[in-house]
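What follows is the content of my_file.tsv (TSV, C-alpha atoms).
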```
chain	number	residue	atom	x	y	z
A	158	MET	CA	60.80	-20.41	-14.72
A	159	LYS	CA	58.67	-18.58	-17.22
A	160	ILE	CA	59.81	-18.20	-20.83
A	161	THR	CA	57.83	-16.03	-23.21
A	162	ILE	CA	58.40	-16.41	-26.95
A	163	TRP	CA	57.14	-14.04	-29.63
A	164	SER	CA	56.91	-16.02	-32.83
A	165	ASP	CA	55.10	-16.68	-36.08
A	166	PHE	CA	54.33	-20.06	-37.66
A	167	VAL	CA	56.08	-19.09	-40.89
A	168	CYS	CA	59.22	-17.75	-39.21
A	169	PRO	CA	61.99	-20.28	-39.90
A	170	PHE	CA	64.33	-19.09	-37.18
A	171	CYS	CA	61.45	-19.26	-34.71
A	172	TYR	CA	61.07	-22.93	-35.62
A	173	ILE	CA	64.82	-23.50	-35.37
A	174	GLY	CA	65.16	-21.42	-32.19
A	175	GLU	CA	62.34	-23.30	-30.51
A	176	SER	CA	64.02	-26.58	-31.43
A	177	HIS	CA	67.30	-25.37	-29.91
A	178	LEU	CA	65.53	-24.28	-26.74
A	179	SER	CA	63.81	-27.68	-26.52
A	180	GLN	CA	67.16	-29.42	-26.91
A	181	ALA	CA	68.65	-27.18	-24.23
A	182	LEU	CA	65.78	-28.02	-21.91
A	183	GLU	CA	66.56	-31.73	-22.34
A	184	SER	CA	69.82	-31.19	-20.51
A	185	PHE	CA	68.48	-28.66	-18.01
A	186	GLU	CA	67.81	-30.36	-14.70
A	187	HIS	CA	64.96	-28.02	-13.76
A	188	ALA	CA	63.14	-28.39	-17.08
A	189	ASP	CA	59.99	-29.56	-15.33
A	190	GLU	CA	59.79	-26.15	-13.69
A	191	VAL	CA	59.90	-24.28	-16.98
A	192	LYS	CA	56.70	-22.87	-18.39
A	193	ILE	CA	56.71	-21.63	-21.97
A	194	GLU	CA	54.18	-19.15	-23.31
A	195	TYR	CA	54.01	-18.26	-26.98
A	196	LYS	CA	52.88	-14.82	-28.11
A	197	SER	CA	51.59	-13.90	-31.53
A	198	PHE	CA	53.72	-12.14	-34.07
A	199	LEU	CA	52.70	-11.51	-37.67
A	200	LEU	CA	55.87	-11.50	-39.69
A	201	MET	CA	54.22	-11.15	-43.09
A	202	PRO	CA	50.56	-10.22	-42.58
A	203	ASP	CA	50.21	-9.26	-46.24
A	204	ALA	CA	51.47	-12.57	-47.55
A	205	GLU	CA	49.17	-14.18	-50.06
A	206	TYR	CA	49.44	-17.67	-51.44
A	207	VAL	CA	49.73	-17.61	-55.22
A	208	PRO	CA	49.13	-21.05	-56.74
A	209	GLY	CA	51.85	-22.08	-59.15
A	210	LYS	CA	54.44	-19.73	-57.69
A	211	SER	CA	57.32	-21.11	-55.68
A	212	TYR	CA	58.00	-19.93	-52.14
A	213	ALA	CA	61.14	-18.15	-53.34
A	214	GLU	CA	59.23	-16.38	-56.14
A	215	THR	CA	56.44	-15.26	-53.79
A	216	PHE	CA	58.94	-14.07	-51.19
A	217	SER	CA	61.05	-12.30	-53.79
A	218	ASP	CA	58.00	-10.49	-55.23
A	219	MET	CA	56.69	-9.55	-51.78
A	220	LYS	CA	59.94	-8.18	-50.47
A	221	GLY	CA	61.25	-6.73	-53.72
A	222	ILE	CA	64.48	-8.67	-53.45
A	223	PRO	CA	66.18	-10.56	-56.29
A	224	ILE	CA	65.04	-14.17	-56.66
A	225	GLU	CA	68.63	-15.38	-56.23
A	226	GLN	CA	68.85	-13.63	-52.86
A	227	ALA	CA	65.57	-15.21	-51.79
A	228	LYS	CA	66.79	-18.65	-52.85
A	229	LEU	CA	70.07	-18.14	-51.01
A	230	MET	CA	68.22	-17.17	-47.86
A	231	LEU	CA	65.90	-20.17	-48.06
A	232	ASN	CA	68.76	-22.59	-48.76
A	233	GLN	CA	70.59	-21.29	-45.71
A	234	VAL	CA	67.47	-21.86	-43.63
A	235	VAL	CA	67.04	-25.41	-44.97
A	236	ASP	CA	70.67	-26.24	-44.11
A	237	MET	CA	70.33	-24.80	-40.62
A	238	GLY	CA	67.11	-26.73	-40.14
A	239	LYS	CA	68.86	-29.94	-41.18
A	240	ASN	CA	71.60	-29.30	-38.64
A	241	SER	CA	68.93	-28.86	-35.98
A	242	GLY	CA	67.12	-32.05	-36.97
A	243	LEU	CA	64.24	-30.23	-38.67
A	244	ASP	CA	62.81	-31.02	-42.07
A	245	ILE	CA	62.22	-27.63	-43.70
A	246	ASN	CA	60.97	-28.12	-47.25
A	247	TYR	CA	60.58	-24.90	-49.23
A	248	ASP	CA	59.85	-26.93	-52.36
A	249	ILE	CA	56.34	-27.51	-51.01
A	250	ALA	CA	55.95	-24.79	-48.33
A	251	LYS	CA	53.32	-22.13	-49.09
A	252	LEU	CA	53.76	-18.55	-47.99
A	253	SER	CA	50.46	-17.09	-46.79
A	254	SER	CA	48.97	-14.84	-44.13
A	255	THR	CA	48.83	-16.30	-40.62
A	256	THR	CA	46.41	-13.77	-39.14
A	257	ASP	CA	43.45	-16.15	-38.82
A	258	ALA	CA	45.69	-18.95	-37.56
A	259	HIS	CA	46.91	-16.62	-34.82
A	260	ARG	CA	43.35	-15.81	-33.79
A	261	VAL	CA	42.68	-19.53	-33.36
A	262	PHE	CA	46.03	-19.86	-31.58
A	263	GLN	CA	44.77	-17.33	-29.02
A	264	TYR	CA	41.71	-19.50	-28.53
A	265	ALA	CA	43.95	-22.56	-28.14
A	266	LYS	CA	46.13	-20.71	-25.64
A	267	LYS	CA	43.09	-19.87	-23.56
A	268	LEU	CA	42.42	-23.60	-23.34
A	269	GLY	CA	46.03	-24.38	-22.41
A	270	LYS	CA	46.86	-25.83	-25.84
A	271	GLY	CA	48.88	-22.93	-27.24
A	272	ASN	CA	52.23	-24.73	-27.30
A	273	GLU	CA	50.85	-27.82	-29.06
A	274	PHE	CA	49.13	-25.50	-31.52
A	275	PHE	CA	52.41	-23.74	-32.37
A	276	SER	CA	54.23	-27.01	-32.77
A	277	ARG	CA	51.54	-28.41	-35.10
A	278	PHE	CA	51.43	-25.28	-37.24
A	279	TYR	CA	55.23	-25.09	-37.55
A	280	THR	CA	55.33	-28.63	-38.93
A	281	ALA	CA	52.32	-28.01	-41.16
A	282	HIS	CA	54.01	-25.02	-42.75
A	283	PHE	CA	57.62	-26.10	-42.97
A	284	THR	CA	57.30	-29.82	-43.60
A	285	GLU	CA	53.83	-30.55	-44.93
A	286	GLY	CA	53.25	-27.64	-47.31
A	287	GLU	CA	49.93	-26.63	-45.74
A	288	ILE	CA	48.36	-23.27	-46.58
A	289	LEU	CA	47.92	-21.66	-43.18
A	290	SER	CA	45.55	-18.95	-44.42
A	291	GLU	CA	42.88	-21.45	-45.47
A	292	LYS	CA	40.06	-21.90	-43.00
A	293	GLU	CA	39.61	-25.60	-43.76
A	294	THR	CA	43.31	-26.18	-43.13
A	295	ILE	CA	43.25	-24.25	-39.86
A	296	ILE	CA	40.24	-26.26	-38.68
A	297	ARG	CA	41.87	-29.58	-39.60
A	298	LEU	CA	45.15	-28.71	-37.88
A	299	ALA	CA	43.36	-27.31	-34.84
A	300	GLU	CA	41.46	-30.57	-34.57
A	301	ASP	CA	44.81	-32.37	-34.47
A	302	VAL	CA	45.64	-30.58	-31.21
A	303	GLY	CA	42.27	-31.39	-29.74
A	304	LEU	CA	40.31	-28.22	-30.39
A	305	ASP	CA	36.59	-28.36	-30.98
A	306	VAL	CA	35.92	-28.05	-34.71
A	307	ASP	CA	32.67	-26.11	-34.31
A	308	GLU	CA	34.27	-23.64	-31.92
A	309	VAL	CA	37.21	-23.10	-34.26
A	310	GLN	CA	34.80	-22.54	-37.14
A	311	ARG	CA	32.91	-20.02	-35.03
A	312	VAL	CA	36.13	-18.16	-34.17
A	313	LEU	CA	37.13	-18.10	-37.83
A	314	ASP	CA	33.72	-16.80	-38.92
A	315	SER	CA	33.96	-13.94	-36.44
A	316	SER	CA	36.57	-11.37	-35.54
A	317	GLU	CA	37.07	-13.00	-32.17
A	318	TYR	CA	40.59	-12.91	-30.68
A	319	ASN	CA	41.62	-10.14	-33.04
A	320	GLU	CA	42.13	-8.01	-29.98
A	321	SER	CA	44.33	-10.60	-28.26
A	322	VAL	CA	46.57	-10.84	-31.33
A	323	THR	CA	46.74	-7.06	-31.64
A	324	GLN	CA	47.55	-6.72	-27.96
A	325	GLU	CA	50.51	-9.10	-28.21
A	326	LEU	CA	51.77	-7.33	-31.32
A	327	GLN	CA	51.56	-4.00	-29.53
A	328	GLU	CA	53.35	-5.46	-26.54
A	329	ALA	CA	56.15	-6.61	-28.84
A	330	ARG	CA	56.40	-3.15	-30.33
A	331	ALA	CA	56.36	-1.55	-26.89
A	332	VAL	CA	59.34	-3.56	-25.69
A	333	GLY	CA	61.22	-2.86	-28.93
A	334	VAL	CA	61.22	-6.28	-30.53
A	335	GLN	CA	63.14	-5.95	-33.79
A	336	GLY	CA	63.20	-9.56	-34.81
A	337	VAL	CA	61.61	-12.92	-34.09
A	338	PRO	CA	61.94	-15.27	-32.38
A	339	PHE	CA	62.19	-13.15	-29.27
A	340	PHE	CA	62.62	-14.92	-25.95
A	341	VAL	CA	62.04	-13.37	-22.55
A	342	PHE	CA	63.10	-15.25	-19.45
A	343	ILE	CA	61.26	-14.61	-16.17
A	344	ASP	CA	59.88	-11.34	-17.61
A	345	LYS	CA	63.35	-9.90	-17.17
A	346	TYR	CA	66.03	-11.14	-19.55
A	347	ALA	CA	65.61	-10.98	-23.31
A	348	VAL	CA	67.33	-13.06	-25.95
A	349	SER	CA	66.72	-12.23	-29.57
A	350	GLY	CA	66.93	-14.78	-32.34
A	351	ALA	CA	67.64	-18.47	-32.74
A	352	GLN	CA	70.66	-19.09	-30.55
A	353	PRO	CA	72.76	-22.26	-30.42
A	354	VAL	CA	71.66	-24.97	-27.99
A	355	GLU	CA	74.71	-24.28	-25.79
A	356	THR	CA	73.74	-20.62	-25.49
A	357	PHE	CA	70.25	-21.52	-24.34
A	358	ILE	CA	71.75	-23.91	-21.79
A	359	GLN	CA	73.89	-21.06	-20.45
A	360	VAL	CA	70.93	-18.72	-20.31
A	361	LEU	CA	68.75	-21.28	-18.54
A	362	ASN	CA	71.41	-21.90	-15.91
A	363	LYS	CA	72.18	-18.22	-15.37
A	364	VAL	CA	68.54	-17.27	-15.09
A	365	TRP	CA	67.90	-20.20	-12.74
A	366	GLU	CA	70.76	-19.10	-10.50
A	367	GLU	CA	69.57	-15.52	-10.53
A	368	GLN	CA	66.03	-16.55	-9.77
A	369	LYS	CA	67.22	-18.66	-6.88
A	370	SER	CA	69.34	-15.94	-5.27
B	32	MET	CA	92.12	-18.08	-26.95
B	33	GLU	CA	90.19	-15.24	-25.41
B	34	LYS	CA	86.49	-15.41	-26.01
B	35	ASP	CA	84.67	-12.41	-27.34
B	36	LYS	CA	82.24	-11.63	-24.57
B	37	ARG	CA	79.11	-10.21	-26.07
B	38	VAL	CA	76.01	-8.80	-24.51
B	39	ILE	CA	73.06	-10.02	-26.48
B	40	ASN	CA	70.01	-7.96	-27.12
B	41	ILE	CA	69.91	-6.05	-23.94
B	42	ASP	CA	70.66	-2.40	-23.59
B	43	LEU	CA	72.02	-1.18	-20.31
B	44	ASN	CA	72.49	2.29	-21.70
B	45	PRO	CA	69.78	2.87	-24.26
B	46	LYS	CA	70.56	6.56	-24.69
B	47	GLU	CA	74.16	5.91	-25.58
B	48	SER	CA	73.76	2.79	-27.64
B	49	ASN	CA	73.10	2.46	-31.34
B	50	ASN	CA	71.91	-1.09	-30.98
B	51	LYS	CA	68.35	-0.87	-32.24
B	52	ASN	CA	67.83	-4.60	-31.67
B	53	VAL	CA	67.73	-3.95	-27.98
B	54	PRO	CA	64.48	-3.45	-26.14
B	55	LYS	CA	64.48	-0.91	-23.34
B	56	LYS	CA	62.55	-2.94	-20.82
B	57	PHE	CA	64.77	-5.94	-20.19
B	58	GLU	CA	68.06	-6.52	-18.48
B	59	THR	CA	71.46	-7.80	-19.49
B	60	ILE	CA	72.63	-11.35	-19.60
B	61	GLU	CA	76.15	-11.96	-20.85
B	62	ILE	CA	76.71	-15.01	-22.99
B	63	GLY	CA	79.90	-16.08	-24.76
B	64	ASP	CA	80.17	-15.01	-28.39
B	65	SER	CA	76.74	-15.93	-29.63
B	66	SER	CA	74.97	-13.73	-32.15
B	67	GLY	CA	72.10	-15.79	-33.54
B	68	PHE	CA	69.64	-15.58	-36.42
B	69	PHE	CA	66.28	-13.92	-36.67
B	70	CYS	CA	63.63	-12.63	-39.02
B	71	ASP	CA	63.63	-8.85	-39.09
B	72	VAL	CA	60.17	-7.58	-38.18
B	73	ASN	CA	60.51	-4.54	-40.39
B	74	THR	CA	61.73	-6.19	-43.57
B	75	GLY	CA	60.56	-9.79	-43.02
B	76	VAL	CA	63.99	-10.90	-44.22
B	77	CYS	CA	65.64	-13.66	-42.22
B	78	GLY	CA	69.34	-14.04	-41.53
B	79	PRO	CA	72.15	-13.46	-39.04
B	80	ILE	CA	71.55	-10.78	-36.44
B	81	LYS	CA	73.87	-7.95	-37.29
B	82	LYS	CA	75.56	-6.04	-34.55
B	83	LYS	CA	74.85	-2.38	-35.26
B	84	GLU	CA	78.16	-1.08	-34.01
B	85	GLU	CA	81.22	-2.79	-32.61
B	86	GLY	CA	82.78	-1.57	-29.39
B	87	ASN	CA	79.82	0.42	-28.24
```

Spell out the structure here as structure tokens.
Amino acid sequence: MKITIWSDFVCPFCYIGESHLSQALESFEHADEVKIEYKSFLLMPDAEYVPGKSYAETFSDMKGIPIEQAKLMLNQVVDMGKNSGLDINYDIAKLSSTTDAHRVFQYAKKLGKGNEFFSRFYTAHFTEGEILSEKETIIRLAEDVGLDVDEVQRVLDSSEYNESVTQELQEARAVGVQGVPFFVFIDKYAVSGAQPVETFIQVLNKVWEEQKS
Amino acid sequence: MEKDKRVINIDLNPKESNNKNVPKKFETIEIGDSSGFFCDVNTGVCGPIKKKEEGN
């Protein structure tokens, strides 16, 4: 069973949604027949890390929303993360562009390491306070998932994989994606957003039945 | 208690629906009363997915 997920490394509900799907898969008896493919989405391509500014301040400035609203939103995310067993720490997280990281992700995906790449970059952003726009950081994290450092450097120094990222963004637009995460099961059924574990279990079972019939 | 049966994110009747969260390409799967949370791709703001219109 193929599951496609449009996501960004800095999207909190993508992180939470992926965790819920993983938990659902733990109780799905055909989990070993599930193949997950991530697709690039740039939630905040214009984001720029500003040293000394908190995540809430940067987000508030970028989106033109009151700081209190930004804090409220982030607190809600932290609480939801906790309930899902995830350590989301906006006290140290750094908002920045993920465009280059997505180009390297495309390279990783080509080598069959796309899912590990996503997982590593989620943790780096939400738990470790890494700046995902920095080339040195991308190289270090990519090395963690077994990518060749020189190749990653070469990708970063070029415009390579720009087209792959653009293509997946266009695909998302073409199918009308309005929010991420966006899950598509067997290229047929779409589920938008982080859903509860139980919902994913239902979806997995229904899709499995449908696929079987 | 009767469960609110909700169709998530799929539009069977795109021309008649106001649900802009629904892509045109995919099909319907009915699941309990789940609504979920996402990050809006237009605003970048994250929160509960809002149903555009009830009873449509």

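Here atom CA of Leu199 of chain A stands at a distance of 23.7 Å from atom CA of Val306 of chain A.
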
Point out the residue among A:Ser290, A:Ser164, A:Gln335, A:Ser253 with the least atom-to-atom distance to chain B, counting all atoms listed in the file.
A:Gln335

Have a look at A:Ile295, A:Lys251, A:Glu214, A:Met158 and name the one nearest to Gln368 of chain A; count only C-alpha atoms.
A:Met158

Counting only C-alpha atoms, which residues sit no farther than 8 Å from the position (57.8, -17.8, -42.6) in the file's frame? I'd like them as a list in words.
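Neighbouring residues, ordered by chain and number, come to Asp165, Phe166, Val167, Cys168, Pro169, Leu200, Met201 and Leu252 of chain A.
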
Go ahead and save the picked residues with C-alpha atoms, as a JSON list (two decimals), in the coordinates of the input.
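Produced file again-v1.json, reproduced below:
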```json
[["chain", "number", "residue", "atom", "x", "y", "z"],
["A", 165, "ASP", "CA", 55.10, -16.68, -36.08],
["A", 166, "PHE", "CA", 54.33, -20.06, -37.66],
["A", 167, "VAL", "CA", 56.08, -19.09, -40.89],
["A", 168, "CYS", "CA", 59.22, -17.75, -39.21],
["A", 169, "PRO", "CA", 61.99, -20.28, -39.90],
["A", 200, "LEU", "CA", 55.87, -11.50, -39.69],
["A", 201, "MET", "CA", 54.22, -11.15, -43.09],
["A", 252, "LEU", "CA", 53.76, -18.55, -47.99]]
```

Give me, as JSON lines, the closest atom pair and its distance (Å, one decimal) for every residue of chain A within a cut-off of 8 Å of chain B, counting all atoms listed in the file, rows sorted by chain and rising number.
```
{"residue": "A:Cys168", "atom": "CA", "partner": "B:Cys70", "partner_atom": "CA", "distance": 6.8}
{"residue": "A:Pro169", "atom": "CA", "partner": "B:Cys70", "partner_atom": "CA", "distance": 7.9}
{"residue": "A:Phe170", "atom": "CA", "partner": "B:Phe69", "partner_atom": "CA", "distance": 5.5}
{"residue": "A:Cys171", "atom": "CA", "partner": "B:Phe69", "partner_atom": "CA", "distance": 7.5}
{"residue": "A:Leu200", "atom": "CA", "partner": "B:Gly75", "partner_atom": "CA", "distance": 6.0}
{"residue": "A:Met201", "atom": "CA", "partner": "B:Gly75", "partner_atom": "CA", "distance": 6.5}
{"residue": "A:Lys220", "atom": "CA", "partner": "B:Thr74", "partner_atom": "CA", "distance": 7.4}
{"residue": "A:Met230", "atom": "CA", "partner": "B:Cys77", "partner_atom": "CA", "distance": 7.1}
{"residue": "A:Val332", "atom": "CA", "partner": "B:Pro54", "partner_atom": "CA", "distance": 5.2}
{"residue": "A:Gly333", "atom": "CA", "partner": "B:Pro54", "partner_atom": "CA", "distance": 4.3}
{"residue": "A:Val334", "atom": "CA", "partner": "B:Pro54", "partner_atom": "CA", "distance": 6.2}
{"residue": "A:Gln335", "atom": "CA", "partner": "B:Asn52", "partner_atom": "CA", "distance": 5.3}
{"residue": "A:Gly336", "atom": "CA", "partner": "B:Asp71", "partner_atom": "CA", "distance": 4.4}
{"residue": "A:Val337", "atom": "CA", "partner": "B:Cys70", "partner_atom": "CA", "distance": 5.3}
{"residue": "A:Pro338", "atom": "CA", "partner": "B:Phe69", "partner_atom": "CA", "distance": 6.2}
{"residue": "A:Asp344", "atom": "CA", "partner": "B:Phe57", "partner_atom": "CA", "distance": 7.7}
{"residue": "A:Lys345", "atom": "CA", "partner": "B:Phe57", "partner_atom": "CA", "distance": 5.2}
{"residue": "A:Tyr346", "atom": "CA", "partner": "B:Glu58", "partner_atom": "CA", "distance": 5.2}
{"residue": "A:Ala347", "atom": "CA", "partner": "B:Phe57", "partner_atom": "CA", "distance": 6.0}
{"residue": "A:Val348", "atom": "CA", "partner": "B:Asn40", "partner_atom": "CA", "distance": 5.9}
{"residue": "A:Ser349", "atom": "CA", "partner": "B:Asn40", "partner_atom": "CA", "distance": 5.9}
{"residue": "A:Gly350", "atom": "CA", "partner": "B:Phe69", "partner_atom": "CA", "distance": 4.5}
{"residue": "A:Ala351", "atom": "CA", "partner": "B:Phe68", "partner_atom": "CA", "distance": 5.1}
{"residue": "A:Gln352", "atom": "CA", "partner": "B:Gly67", "partner_atom": "CA", "distance": 4.7}
{"residue": "A:Pro353", "atom": "CA", "partner": "B:Gly67", "partner_atom": "CA", "distance": 7.2}
{"residue": "A:Thr356", "atom": "CA", "partner": "B:Ile62", "partner_atom": "CA", "distance": 6.8}
{"residue": "A:Gln359", "atom": "CA", "partner": "B:Ile62", "partner_atom": "CA", "distance": 7.1}
{"residue": "A:Val360", "atom": "CA", "partner": "B:Ile62", "partner_atom": "CA", "distance": 7.4}
```

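The interatomic distance for the pair atom CA of Ile296 of chain A and atom CA of Lys239 of chain A works out to 29.0 Å.
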